[in-house]
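To start, the structure itself, in structure tokens.
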Amino acid sequence: MPQNPREVLGETNYQQIVEGIESAESAIALAELSRQAGLDVGDAMRRATETRDRLLKIKNTFFPGR
């Protein structure tokens with residue numbers, strides 16, 4: 001077991017987190033376009049924003065400076 005708790009997650013995990021952040025940002029952009037087109041996407045926008053924010057917190061905690 002790693003001595004440093006931040007070493008629990010590895011490079012594969014980092015890549016998955018980054019991909020998740022990118023996907024959430026794409027969903028946010030799409031939701032914004034949909035909102036501009038008059039569609040009700042408030043729930044989708046909220047979920048995508050919350051997901052992105054959670055993943056950013058994980059990334060910043062376990063992979064500071066990356």
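Simple scheme: letters A, B, ... for chains in structure tokens order, numbers from 1 for residues in each chain, numbers from 1 for ligands in the order shown.
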Once DSSP has gone over the backbone, tell me which residues of chain A are in helix (DSSP H, G or I), as a PyMOL selection string.
chain A and resi 5-7+11-36+42-62
Name all residues at most 8 Å from Met45 of chain A (count only C-alpha atoms; drop same-chain ones fewer than 2 positions away) and give them as a PyMOL selection string.
chain A and resi 27-28+31-32+41-43+47-49
Separation of atom CA of Glu50 of chain A from atom CA of Ala37 of chain A, in Å and rounded to one decimal:
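Calculated distance between atom CA of Glu50 of chain A and atom CA of Ala37 of chain A is 22.6 Å.
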With segment 53-65 of chain A as the partner and 10 Å as the cut-off, tabulate the residues of segment 4-43 of chain A that qualify, each row holding the nearest pair of atoms and their distance in Å to one decimal, using only C-alpha atoms, sorted by chain and rising number, as CSV.
```
residue,atom,partner,partner_atom,distance
A:Pro5,CA,A:Phe62,CA,8.2
A:Arg6,CA,A:Phe62,CA,4.9
A:Glu7,CA,A:Phe62,CA,7.4
A:Val8,CA,A:Phe62,CA,8.2
A:Leu9,CA,A:Phe62,CA,7.1
A:Gly10,CA,A:Phe62,CA,9.3
A:Glu11,CA,A:Phe63,CA,9.6
A:Asn13,CA,A:Lys59,CA,9.4
A:Tyr14,CA,A:Lys59,CA,7.1
A:Gln15,CA,A:Lys59,CA,9.9
A:Gln16,CA,A:Leu55,CA,9.8
A:Ile17,CA,A:Leu55,CA,6.2
A:Val18,CA,A:Lys59,CA,7.8
A:Glu19,CA,A:Leu55,CA,9.8
A:Gly20,CA,A:Leu55,CA,7.2
A:Ile21,CA,A:Leu55,CA,6.2
A:Ala24,CA,A:Asp53,CA,9.2
```
